[in-house]
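Visitor: Handing over entry_9.txt, compact mmCIF, C-alpha atoms and all ligand atoms.
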# COMPACT_ATOMS: atom_id res chain seq x y z
CA MET A 1 -10.82 -12.83 33.54
CA THR A 2 -12.05 -10.77 30.56
CA LEU A 3 -9.10 -10.48 28.26
CA LEU A 4 -10.57 -7.95 25.82
CA SER A 5 -13.03 -5.23 26.86
CA PHE A 6 -14.99 -3.87 23.91
CA ASP A 7 -16.76 -0.61 24.79
CA PRO A 8 -20.49 -1.24 24.09
CA ASN A 9 -21.15 2.48 23.68
CA ARG A 10 -19.16 2.84 20.47
CA THR A 11 -21.03 3.42 17.20
CA LEU A 12 -18.69 1.22 15.14
CA ASP A 13 -17.71 -2.35 15.94
CA PHE A 14 -14.65 -2.52 13.73
CA ILE A 15 -12.44 -0.36 11.52
CA GLY A 16 -10.08 -1.88 8.96
CA VAL A 17 -6.99 0.13 8.07
CA GLY A 18 -4.72 -0.09 5.03
CA ARG A 19 -4.64 -2.01 1.82
CA LEU A 20 -7.49 -1.81 -0.65
CA CYS A 21 -6.50 -3.51 -3.87
CA ILE A 22 -7.79 -5.72 -6.63
CA ASP A 23 -7.48 -9.48 -6.89
CA LEU A 24 -7.33 -10.92 -10.38
CA ASN A 25 -7.87 -14.61 -9.83
CA ALA A 26 -7.05 -16.97 -12.66
CA ASN A 27 -10.12 -18.59 -14.17
CA GLU A 28 -8.15 -21.39 -15.81
CA ILE A 29 -7.02 -23.08 -12.60
CA ASN A 30 -4.70 -25.99 -11.95
CA ARG A 31 -2.10 -24.64 -14.36
CA PRO A 32 0.72 -22.05 -14.27
CA MET A 33 -0.19 -18.43 -14.90
CA GLU A 34 1.77 -18.58 -18.16
CA GLU A 35 -1.10 -20.69 -19.44
CA THR A 36 -3.82 -18.52 -17.94
CA ARG A 37 -5.81 -16.34 -20.29
CA THR A 38 -8.66 -14.90 -18.22
CA PHE A 39 -9.12 -13.61 -14.70
CA THR A 40 -12.02 -12.63 -12.45
CA LYS A 41 -11.77 -9.29 -10.70
CA TYR A 42 -12.51 -9.07 -6.97
CA VAL A 43 -11.81 -6.51 -4.28
CA GLY A 44 -8.71 -7.59 -2.38
CA GLY A 45 -6.12 -6.56 0.11
CA SER A 46 -5.90 -8.42 3.38
CA PRO A 47 -7.43 -5.68 5.61
CA ALA A 48 -10.15 -5.12 3.01
CA ASN A 49 -10.95 -8.84 2.94
CA ILE A 50 -11.10 -9.01 6.74
CA SER A 51 -13.31 -5.91 6.92
CA ILE A 52 -15.66 -7.35 4.32
CA GLY A 53 -15.72 -10.53 6.37
CA MET A 54 -16.58 -8.61 9.54
CA SER A 55 -19.38 -6.78 7.78
CA ARG A 56 -20.75 -10.02 6.31
CA LEU A 57 -20.78 -11.41 9.88
CA GLY A 58 -22.99 -8.53 10.96
CA LYS A 59 -20.50 -6.13 12.51
CA LYS A 60 -20.77 -2.37 11.90
CA THR A 61 -17.58 -1.77 9.96
CA GLY A 62 -15.64 1.24 8.73
CA PHE A 63 -12.36 1.63 6.83
CA ILE A 64 -9.41 4.00 6.74
CA GLY A 65 -7.42 3.90 3.51
CA ARG A 66 -6.65 5.40 0.14
CA VAL A 67 -7.75 4.27 -3.32
CA ALA A 68 -6.52 5.33 -6.74
CA ASP A 69 -8.39 7.99 -8.70
CA ASP A 70 -9.42 5.55 -11.41
CA GLN A 71 -12.02 2.94 -12.30
CA MET A 72 -10.45 0.39 -9.94
CA GLY A 73 -10.59 2.82 -7.05
CA ARG A 74 -14.22 3.58 -7.75
CA PHE A 75 -14.99 -0.16 -8.07
CA ILE A 76 -13.49 -0.76 -4.62
CA VAL A 77 -15.41 2.07 -2.92
CA GLN A 78 -18.65 0.95 -4.55
CA TYR A 79 -18.10 -2.64 -3.39
CA LEU A 80 -17.41 -1.55 0.19
CA LYS A 81 -20.64 0.47 0.17
CA GLU A 82 -22.57 -2.50 -1.23
CA ASN A 83 -21.27 -4.46 1.73
CA GLN A 84 -22.45 -1.87 4.26
CA ILE A 85 -18.94 -0.67 5.07
CA ASP A 86 -18.60 3.00 5.98
CA THR A 87 -16.31 4.67 3.40
CA SER A 88 -16.29 8.18 4.85
CA ASN A 89 -12.57 7.72 5.64
CA VAL A 90 -11.60 6.10 2.35
CA ILE A 91 -9.77 8.82 0.48
CA THR A 92 -9.25 9.07 -3.27
CA ASP A 93 -5.56 9.65 -3.82
CA LYS A 94 -4.86 12.38 -6.41
CA SER A 95 -1.10 11.88 -6.76
CA GLY A 96 -1.35 9.69 -9.86
CA SER A 97 -1.10 6.49 -7.86
CA VAL A 98 -2.55 3.23 -9.09
CA THR A 99 -4.45 0.35 -7.53
CA GLY A 100 -2.36 -2.53 -6.26
CA LEU A 101 -3.04 -5.69 -8.24
CA ALA A 102 -2.78 -9.24 -6.93
CA PHE A 103 -2.67 -11.77 -9.78
CA THR A 104 -3.30 -15.18 -8.29
CA GLU A 105 -1.91 -18.36 -9.74
CA ILE A 106 -3.66 -21.59 -8.86
CA LYS A 107 -1.36 -24.37 -10.08
CA SER A 108 -3.14 -26.81 -7.81
CA PRO A 109 -5.28 -26.53 -4.68
CA GLU A 110 -2.13 -26.71 -2.57
CA ASP A 111 0.22 -24.83 -4.89
CA CYS A 112 -0.97 -21.26 -5.21
CA SER A 113 0.99 -18.05 -5.46
CA ILE A 114 0.32 -14.37 -5.78
CA LEU A 115 2.00 -12.00 -8.24
CA LEU A 116 1.72 -8.51 -6.78
CA TYR A 117 1.95 -5.36 -8.89
CA ARG A 118 2.38 -2.66 -6.25
CA ASP A 119 4.52 0.12 -7.73
CA ASN A 120 3.06 3.50 -6.78
CA ALA A 121 0.16 1.77 -5.05
CA ALA A 122 -2.47 4.12 -3.64
CA ASP A 123 -2.81 2.25 -0.35
CA LEU A 124 0.75 3.17 0.68
CA LYS A 125 -0.04 6.86 0.07
CA LEU A 126 -2.15 6.91 3.26
CA GLU A 127 -1.03 9.93 5.27
CA PRO A 128 -1.17 10.79 8.98
CA GLN A 129 -3.58 13.64 8.12
CA ASP A 130 -6.02 10.97 6.80
CA VAL A 131 -6.22 9.43 10.27
CA ARG A 132 -9.04 11.10 12.19
CA GLU A 133 -9.03 10.75 15.96
CA ASP A 134 -12.77 11.42 16.17
CA TYR A 135 -13.38 8.49 13.81
CA ILE A 136 -11.14 6.03 15.60
CA LYS A 137 -12.61 6.82 19.04
CA GLN A 138 -16.03 5.74 17.71
CA ALA A 139 -14.82 2.15 17.30
CA LYS A 140 -14.75 -0.84 19.63
CA SER A 141 -11.86 -2.34 17.69
CA LEU A 142 -9.63 -1.86 14.70
CA LEU A 143 -7.28 -3.90 12.57
CA ILE A 144 -3.89 -2.97 11.18
CA SER A 145 -1.94 -5.18 8.83
CA GLY A 146 1.82 -5.23 8.56
CA THR A 147 2.10 -4.38 4.89
CA ALA A 148 0.93 -0.83 5.64
CA LEU A 149 4.22 -0.36 7.55
CA ALA A 150 6.28 -0.94 4.40
CA LYS A 151 6.59 2.63 3.20
CA SER A 152 6.10 6.23 4.31
CA PRO A 153 3.70 8.01 4.67
CA SER A 154 1.53 4.94 5.29
CA ARG A 155 3.99 3.82 7.98
CA GLU A 156 3.58 7.03 9.98
CA ALA A 157 -0.19 6.93 9.50
CA ILE A 158 -0.32 3.49 11.08
CA PHE A 159 1.63 4.61 14.12
CA LEU A 160 -0.80 7.51 14.52
CA VAL A 161 -3.69 5.02 14.29
CA LEU A 162 -2.07 3.05 17.09
CA GLU A 163 -1.59 6.19 19.21
CA TYR A 164 -5.26 7.16 18.90
CA ALA A 165 -6.42 3.61 19.50
CA ARG A 166 -4.42 3.33 22.71
CA LYS A 167 -5.61 6.76 23.83
CA HIS A 168 -9.28 5.84 23.37
CA GLY A 169 -9.27 2.23 24.52
CA VAL A 170 -9.88 0.79 21.05
CA ILE A 171 -8.90 -2.89 20.90
CA VAL A 172 -6.20 -3.33 18.25
CA PHE A 173 -5.86 -6.48 16.16
CA PHE A 174 -2.57 -6.82 14.31
CA ASP A 175 -2.56 -9.21 11.38
CA ILE A 176 1.11 -9.54 10.49
CA ASP A 177 0.33 -10.06 6.80
CA TYR A 178 3.99 -10.14 5.69
CA ARG A 179 4.33 -9.66 1.92
CA PRO A 180 8.06 -9.62 1.06
CA TYR A 181 7.54 -7.90 -2.30
CA THR A 182 6.50 -4.70 -0.52
CA TRP A 183 9.62 -4.36 1.65
CA THR A 184 13.23 -3.42 0.92
CA SER A 185 14.89 -5.52 3.63
CA GLN A 186 13.99 -8.14 6.19
CA GLU A 187 15.80 -6.15 8.88
CA GLU A 188 13.70 -3.05 8.25
CA THR A 189 10.59 -5.20 8.21
CA ALA A 190 11.34 -6.83 11.54
CA ILE A 191 12.08 -3.50 13.20
CA TYR A 192 8.80 -1.88 12.17
CA TYR A 193 6.70 -4.98 12.80
CA ASN A 194 8.08 -5.25 16.33
CA LEU A 195 7.52 -1.57 17.05
CA ALA A 196 3.88 -1.87 15.95
CA ALA A 197 3.25 -5.18 17.72
CA GLU A 198 4.23 -3.62 21.05
CA LYS A 199 1.07 -1.49 20.88
CA CYS A 200 -1.43 -4.19 19.89
CA ASP A 201 -3.88 -6.28 21.93
CA VAL A 202 -4.16 -9.30 19.65
CA ILE A 203 -1.39 -10.40 17.29
CA ILE A 204 -2.18 -12.90 14.54
CA GLY A 205 0.45 -14.40 12.26
CA THR A 206 1.84 -17.53 10.74
CA ARG A 207 4.85 -19.30 12.20
CA GLU A 208 6.95 -17.97 9.31
CA GLU A 209 5.80 -14.38 9.89
CA PHE A 210 6.74 -14.53 13.55
CA ASP A 211 10.11 -16.06 12.58
CA MET A 212 10.72 -12.99 10.40
CA MET A 213 9.91 -10.72 13.34
CA GLU A 214 12.24 -12.68 15.61
CA GLN A 215 15.26 -12.65 13.30
CA PHE A 216 17.32 -10.48 15.72
CA GLU A 217 16.64 -12.82 18.64
CA GLN A 218 18.96 -15.68 19.46
CA ARG A 219 16.35 -18.40 19.57
CA THR A 220 17.62 -21.90 20.21
CA GLU A 221 14.37 -23.40 19.04
CA GLU A 222 11.24 -22.46 17.15
CA ASN A 223 8.68 -22.34 19.91
CA ASP A 224 5.19 -20.92 19.71
CA TRP A 225 5.00 -20.29 23.44
CA GLN A 226 8.35 -18.46 23.38
CA THR A 227 6.98 -16.35 20.54
CA ALA A 228 3.77 -15.50 22.36
CA LYS A 229 5.05 -14.75 25.83
CA LYS A 230 7.34 -11.97 24.59
CA TRP A 231 4.29 -9.91 23.61
CA PHE A 232 2.55 -10.27 26.95
CA ASP A 233 5.26 -8.04 28.39
CA TYR A 234 3.91 -5.33 26.12
CA HIS A 235 0.23 -4.76 25.38
CA ALA A 236 -0.86 -8.11 23.99
CA LYS A 237 -3.61 -10.15 25.64
CA ILE A 238 -3.80 -12.83 22.93
CA VAL A 239 -1.25 -14.15 20.43
CA VAL A 240 -2.44 -16.48 17.66
CA ILE A 241 -0.03 -18.51 15.56
CA LYS A 242 -1.45 -20.04 12.40
CA HIS A 243 -0.16 -23.32 10.97
CA GLY A 244 -2.10 -23.77 7.72
CA LYS A 245 -3.89 -27.08 7.37
CA ASP A 246 -2.41 -28.09 10.72
CA GLY A 247 -4.60 -25.50 12.39
CA SER A 248 -3.63 -22.80 14.86
CA ILE A 249 -2.65 -22.20 18.47
CA ALA A 250 -3.55 -19.27 20.69
CA TYR A 251 -1.92 -18.14 23.91
CA THR A 252 -3.38 -15.71 26.43
CA LYS A 253 -1.72 -13.31 28.84
CA ASP A 254 -3.32 -15.15 31.76
CA GLY A 255 -1.47 -18.34 30.87
CA GLY A 256 -3.98 -20.12 28.67
CA SER A 257 -3.17 -22.01 25.46
CA PHE A 258 -5.69 -23.34 22.97
CA GLU A 259 -5.25 -25.42 19.85
CA GLY A 260 -7.50 -24.71 16.89
CA SER A 261 -8.37 -27.56 14.57
CA THR A 262 -9.41 -27.33 10.94
CA PHE A 263 -12.50 -28.36 8.98
CA PRO A 264 -12.38 -30.56 5.91
CA ALA A 265 -12.50 -28.37 2.81
CA ASN A 266 -12.85 -28.91 -0.92
CA VAL A 267 -9.85 -26.67 -1.47
CA ILE A 268 -9.78 -24.66 -4.69
CA LYS A 269 -7.02 -22.30 -3.50
CA THR A 270 -5.27 -21.83 -0.18
CA PHE A 271 -4.97 -18.05 -0.08
CA GLY A 272 -7.75 -16.21 1.70
CA ALA A 273 -7.50 -18.69 4.57
CA GLY A 274 -5.75 -16.17 6.80
CA ASP A 275 -8.14 -13.31 6.13
CA SER A 276 -11.29 -15.38 6.63
CA TYR A 277 -9.82 -17.03 9.71
CA ALA A 278 -9.08 -13.59 11.14
CA ALA A 279 -12.60 -12.36 10.41
CA GLY A 280 -14.21 -15.39 12.09
CA LEU A 281 -11.87 -15.24 15.06
CA ILE A 282 -12.32 -11.50 15.64
CA TYR A 283 -16.09 -11.85 15.25
CA GLY A 284 -16.11 -14.60 17.87
CA LEU A 285 -14.02 -12.59 20.31
CA MET A 286 -16.34 -9.59 19.82
CA GLN A 287 -19.29 -11.87 20.56
CA GLY A 288 -17.66 -12.55 23.92
CA TRP A 289 -16.93 -16.18 23.09
CA LYS A 290 -14.07 -18.10 24.64
CA LEU A 291 -11.07 -18.59 22.37
CA PRO A 292 -11.79 -22.23 21.33
CA LYS A 293 -15.20 -21.25 19.94
CA ALA A 294 -13.81 -18.13 18.27
CA MET A 295 -10.98 -20.15 16.72
CA GLU A 296 -13.48 -22.76 15.50
CA TYR A 297 -15.49 -19.97 13.83
CA GLY A 298 -12.35 -18.69 12.16
CA SER A 299 -11.43 -22.16 10.93
CA ALA A 300 -14.91 -22.69 9.53
CA ALA A 301 -14.83 -19.35 7.73
CA ALA A 302 -11.42 -20.27 6.32
CA ALA A 303 -12.63 -23.66 5.08
CA ILE A 304 -15.51 -21.91 3.29
CA VAL A 305 -13.28 -19.33 1.61
CA ILE A 306 -10.54 -21.72 0.46
CA SER A 307 -13.30 -23.82 -1.11
CA SER A 308 -14.24 -20.79 -3.22
CA HIS A 309 -12.62 -19.00 -6.17
CA SER A 310 -12.49 -15.62 -4.48
CA CYS A 311 -11.56 -14.20 -1.11
CA SER A 312 -13.71 -11.11 -0.58
CA ASP A 313 -16.79 -12.36 -2.46
CA ALA A 314 -16.65 -15.66 -0.57
CA MET A 315 -16.46 -14.17 2.93
CA PRO A 316 -19.32 -15.93 4.71
CA THR A 317 -22.29 -14.64 6.67
CA GLU A 318 -23.08 -15.81 10.21
CA GLU A 319 -25.78 -18.06 8.76
CA GLN A 320 -23.34 -19.66 6.32
CA VAL A 321 -20.73 -20.33 9.01
CA ASP A 322 -23.31 -21.67 11.46
CA ARG A 323 -24.75 -23.97 8.77
CA PHE A 324 -21.26 -25.17 7.81
CA ILE A 325 -20.33 -26.04 11.40
CA LYS A 326 -23.69 -27.75 12.00
CA LYS A 327 -23.33 -29.81 8.81
CA HIS A 328 -19.83 -30.86 9.81
CA ARG A 329 -20.95 -31.91 13.29
CA GLN A 330 -23.83 -33.94 11.83
CA SER A 331 -21.42 -35.69 9.46
CA GLU A 332 -19.22 -36.57 12.42
CA THR A 333 -22.11 -38.24 14.27
CA VAL A 334 -23.19 -40.39 11.27
N1 LIG A 401 -6.02 -26.75 3.73
C1 LIG A 401 -6.77 -26.28 4.73
N2 LIG A 401 -7.87 -26.96 5.12
C2 LIG A 401 -8.66 -26.49 6.14
N3 LIG A 401 -8.40 -25.37 6.84
C3 LIG A 401 -7.31 -24.64 6.48
C4 LIG A 401 -6.44 -25.05 5.42
N4 LIG A 401 -5.43 -24.13 5.31
C5 LIG A 401 -5.68 -23.19 6.25
N5 LIG A 401 -6.79 -23.50 6.97
C6 LIG A 401 -7.35 -22.73 8.09
O1 LIG A 401 -7.05 -21.35 7.92
C7 LIG A 401 -6.24 -20.89 8.99
C8 LIG A 401 -5.24 -19.88 8.46
O2 LIG A 401 -4.52 -20.50 7.42
P1 LIG A 401 -2.95 -20.19 7.23
O3 LIG A 401 -2.23 -20.66 8.41
O4 LIG A 401 -2.58 -20.74 5.90
O5 LIG A 401 -2.90 -18.59 7.24
P2 LIG A 401 -2.24 -17.63 6.15
O6 LIG A 401 -0.94 -18.16 5.66
O7 LIG A 401 -2.28 -16.27 6.72
O8 LIG A 401 -3.32 -17.75 4.98
P3 LIG A 401 -3.23 -17.08 3.51
O9 LIG A 401 -2.83 -18.23 2.63
O10 LIG A 401 -4.59 -16.56 3.24
O11 LIG A 401 -2.17 -16.01 3.57
C9 LIG A 401 -5.61 -22.14 9.58
O12 LIG A 401 -5.26 -21.94 10.94
C10 LIG A 401 -6.73 -23.15 9.42
O13 LIG A 401 -7.67 -23.00 10.47
O1 LIG A 402 -3.47 -8.98 0.58
C1 LIG A 402 -3.19 -8.96 -0.63
O2 LIG A 402 -2.61 -8.03 -1.22
C2 LIG A 402 -3.59 -10.18 -1.43
C3 LIG A 402 -5.08 -10.41 -1.20
O3 LIG A 402 -5.80 -9.46 -1.97
C4 LIG A 402 -5.50 -11.81 -1.61
O4 LIG A 402 -6.91 -11.89 -1.56
C5 LIG A 402 -4.90 -12.77 -0.64
O5 LIG A 402 -3.78 -13.18 -0.77
C6 LIG A 402 -5.70 -13.11 0.56
O6 LIG A 402 -4.90 -13.87 1.44
Would you write the structure of this file as structure tokens?
Ligand SMILES: Nc1ncnc2c1ncn2[C@@H]1O[C@H](COP(=O)(O)OP(=O)(O)OP(=O)(O)O)[C@@H](O)[C@H]1O
Ligand SMILES: O=C(O)C[C@@H](O)[C@H](O)C(=O)CO

Guide:
Amino acid sequence: MTLLSFDPNRTLDFIGVGRLCIDLNANEINRPMEETRTFTKYVGGSPANISIGMSRLGKKTGFIGRVADDQMGRFIVQYLKENQIDTSNVITDKSGSVTGLAFTEIKSPEDCSILLYRDNAADLKLEPQDVREDYIKQAKSLLISGTALAKSPSREAIFLVLEYARKHGVIVFFDIDYRPYTWTSQEETAIYYNLAAEKCDVIIGTREEFDMMEQFEQRTEENDWQTAKKWFDYHAKIVVIKHGKDGSIAYTKDGGSFEGSTFPANVIKTFGAGDSYAAGLIYGLMQGWKLPKAMEYGSAAAAIVISSHSCSDAMPTEEQVDRFIKKHRQSETV
């Protein structure tokens, strides 16, 4: 049974929607940010990272979003272009908004945190009028991330994206991407996440993110299968629950379940794992691979990115992922 049918006649493989921001990753690592003096600037924002990952993996990629009318906004657009991402639907916001900043603290490889400066962020100024039906219907798939639901008008724009995607048979990937700092209440968050998830084909999140979505449900136990099967009553075909270094598990509407393992990594920082995993997984599914192989690709991409200082810059090519997996297999046979 083919779970996901990607229309081969579409001109775009993938469209990312939402947050385009800047990562400022501490250069002096393995210490608190209070002791950090310098940072390296990268393009960031979970949907941006995933889109860059998809493009690096050879997929024809577009983006729908807003950037600030400043040097950071121009830096982001230029970087997307350099990575062969169509920016015809990336709008420069003229309302005086600013670029969201993500300062990353790397206290240790396992103890990392992100300080987000997101007041008046341009990405949340995305409006329904920015969402073009004729653009969306060109795509085989698209990705929304939950943070774009945090505020109006971005919230309404996302629901219009979902309406057009459903109308034109565009496969929708929903990366939950829960960032508490962007929301006013957990209740509001759960309501909007659930409303969006009902319209999506593939839902990807961590155990904690799904727990947030399920806060109104009287669950006797934390159960990945219980989490997944709820969404098969809606539009979902695949639900993926990520468990950090313990790997991931995927459930399918036709009753399948698949555990994803991890690759050994020389971890510099843990963040970026989710975005690179999503890029590798989505790429694999678009290649027509079975879930275990697609999950393996995602895990390999994640291991590569968490072994690097950046997220977007480190998103691997097909050749890099293939070489990484081959090298790991050879080391296993020695
Ligand atoms: N320490 C690790 N070593 C190897 N692989 C890892 C490690 N941490 C995460 N991964 C891989 O990345 C995938 C996603 O990681 P995780 O569950 O942390 O998602 P996330 O919380 O969304 O990530 P992020 O920290 O980027 O927000 C995991 O399922 C696993 O395959
Ligand atoms: O998504 C964000 O706002 C933060 C990202 O830019 C950062 O690269 C990260 O946390 C990736 O997981």

Visitor: Looking at all atoms listed in the file, which of A:Ile203, A:Ala265, A:Leu142, A:Ala148 is the one that sits closest to Phe14 of chain A?

Guide: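 Nearest candidate to Phe14 of chain A out of A:Ile203, A:Ala265, A:Leu142, A:Ala148: A:Leu142.
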
Visitor: Pick from A:Met54, A:Ala228, A:Met33, A:Ala278: nearest to Leu115 of chain A, with only C-alpha atoms counted?

Guide: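 Looking only at the distances to Leu115 of chain A, the closest residue turns out to be A:Met33.
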
Visitor: Residues within 6 Å of ligand LIG 401 (chain A) should be enumerated using all atoms listed in the file and returned as a short mmCIF file (atom, residue, chain, number, x, y, z; two decimals) with C-alpha atoms, in the frame of the given file.

Guide:
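Below is the file that was written, selection-v4.cif:
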data_model
loop_
_atom_site.label_atom_id
_atom_site.label_comp_id
_atom_site.auth_asym_id
_atom_site.auth_seq_id
_atom_site.Cartn_x
_atom_site.Cartn_y
_atom_site.Cartn_z
CA THR A 206 1.84 -17.53 10.74
CA LYS A 242 -1.45 -20.04 12.40
CA HIS A 243 -0.16 -23.32 10.97
CA GLY A 244 -2.10 -23.77 7.72
CA LYS A 245 -3.89 -27.08 7.37
CA GLY A 247 -4.60 -25.50 12.39
CA SER A 248 -3.63 -22.80 14.86
CA THR A 262 -9.41 -27.33 10.94
CA PHE A 263 -12.50 -28.36 8.98
CA PRO A 264 -12.38 -30.56 5.91
CA ALA A 265 -12.50 -28.37 2.81
CA THR A 270 -5.27 -21.83 -0.18
CA PHE A 271 -4.97 -18.05 -0.08
CA GLY A 272 -7.75 -16.21 1.70
CA ALA A 273 -7.50 -18.69 4.57
CA GLY A 274 -5.75 -16.17 6.80
CA ASP A 275 -8.14 -13.31 6.13
CA TYR A 277 -9.82 -17.03 9.71
CA SER A 299 -11.43 -22.16 10.93
CA ALA A 302 -11.42 -20.27 6.32
CA ALA A 303 -12.63 -23.66 5.08
#

Visitor: Anything within 12 Å of (-16.9, -12.5, -5.2): list those residues as a count of residues only, counting only C-alpha atoms and sticking to the file's coordinates.

Guide: 24

Visitor: Under the rule that only C-alpha atoms are counted, which of A:Ser97, A:Gln215, A:Ser141, A:Ser51 is the nearest residue to Asp13 of chain A?

Guide: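 Of A:Ser97, A:Gln215, A:Ser141, A:Ser51, the one nearest Asp13 of chain A is A:Ser141, counting only C-alpha atoms.
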
Visitor: As a ChimeraX atom specification, please: the residues near segment 157-173 of chain A (cut-off 9 Å, all atoms listed in the file, same-chain neighbours under 6 positions excluded).

Guide: /A:4-7,17-18,126-133,136-145,148-149,196,199-204,282

Visitor: Have a look at A:Gly45, A:Glu214, A:Asp69, A:Gly96 and name the one nearest to Ile191 of chain A; count all atoms listed in the file.

Guide: A:Glu214

Visitor: Rounded to one decimal, what separation in Å do you get between atom CA of Ile306 of chain A and atom CA of Ser261 of chain A?

Guide: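 Between these atoms lies a distance of 15.4 Å.
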
Visitor: Using only C-alpha atoms and all ligand atoms, which of A:Asp175, A:Glu35, A:Asp86, A:Asp70 sits nearest ligand LIG 402 (chain A)?

Guide: A:Asp175

Visitor: Taking all atoms listed in the file into account, name the residue in A:Pro8, A:Trp225, A:Ala300, A:His235 that is nearest to Arg329 of chain A.

Guide: A:Ala300

Visitor: One number please: atom CA of Ala301 of chain A to atom CA of Gln320 of chain A, in Å, one decimal.

Guide: 8.6 Å

Visitor: For the atom pair atom CA of Thr92 of chain A and atom CA of Gly73 of chain A, what is the interatomic distance in Å to one decimal place?

Guide: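 Atom CA of Gly73 of chain A lies at a distance of 7.4 Å from atom CA of Thr92 of chain A.
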
Visitor: Need the shell around segment 176-188 of chain A: protein/DNA/RNA residues with any atom at most 7 Å away, counting all atoms listed in the file. Skip same-chain ones fewer than 2 positions apart. Format as a JSON list (two decimals) with C-alpha atoms, in the frame of the given file?

Guide:
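Everything below was put into out-v2.json:
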[["chain", "number", "residue", "atom", "x", "y", "z"],
["A", 145, "SER", "CA", -1.94, -5.18, 8.83],
["A", 146, "GLY", "CA", 1.82, -5.23, 8.56],
["A", 147, "THR", "CA", 2.10, -4.38, 4.89],
["A", 150, "ALA", "CA", 6.28, -0.94, 4.40],
["A", 174, "PHE", "CA", -2.57, -6.82, 14.31],
["A", 190, "ALA", "CA", 11.34, -6.83, 11.54],
["A", 191, "ILE", "CA", 12.08, -3.50, 13.20],
["A", 192, "TYR", "CA", 8.80, -1.88, 12.17],
["A", 204, "ILE", "CA", -2.18, -12.90, 14.54],
["A", 205, "GLY", "CA", 0.45, -14.40, 12.26],
["A", 209, "GLU", "CA", 5.80, -14.38, 9.89]]

Visitor: Hey, what's within 9 Å of Glu198 of chain A if we count only C-alpha atoms and toss same-chain stuff fewer than 5 positions away? As a PyMOL selection string, please?

Guide: chain A and resi 193+231+233-236
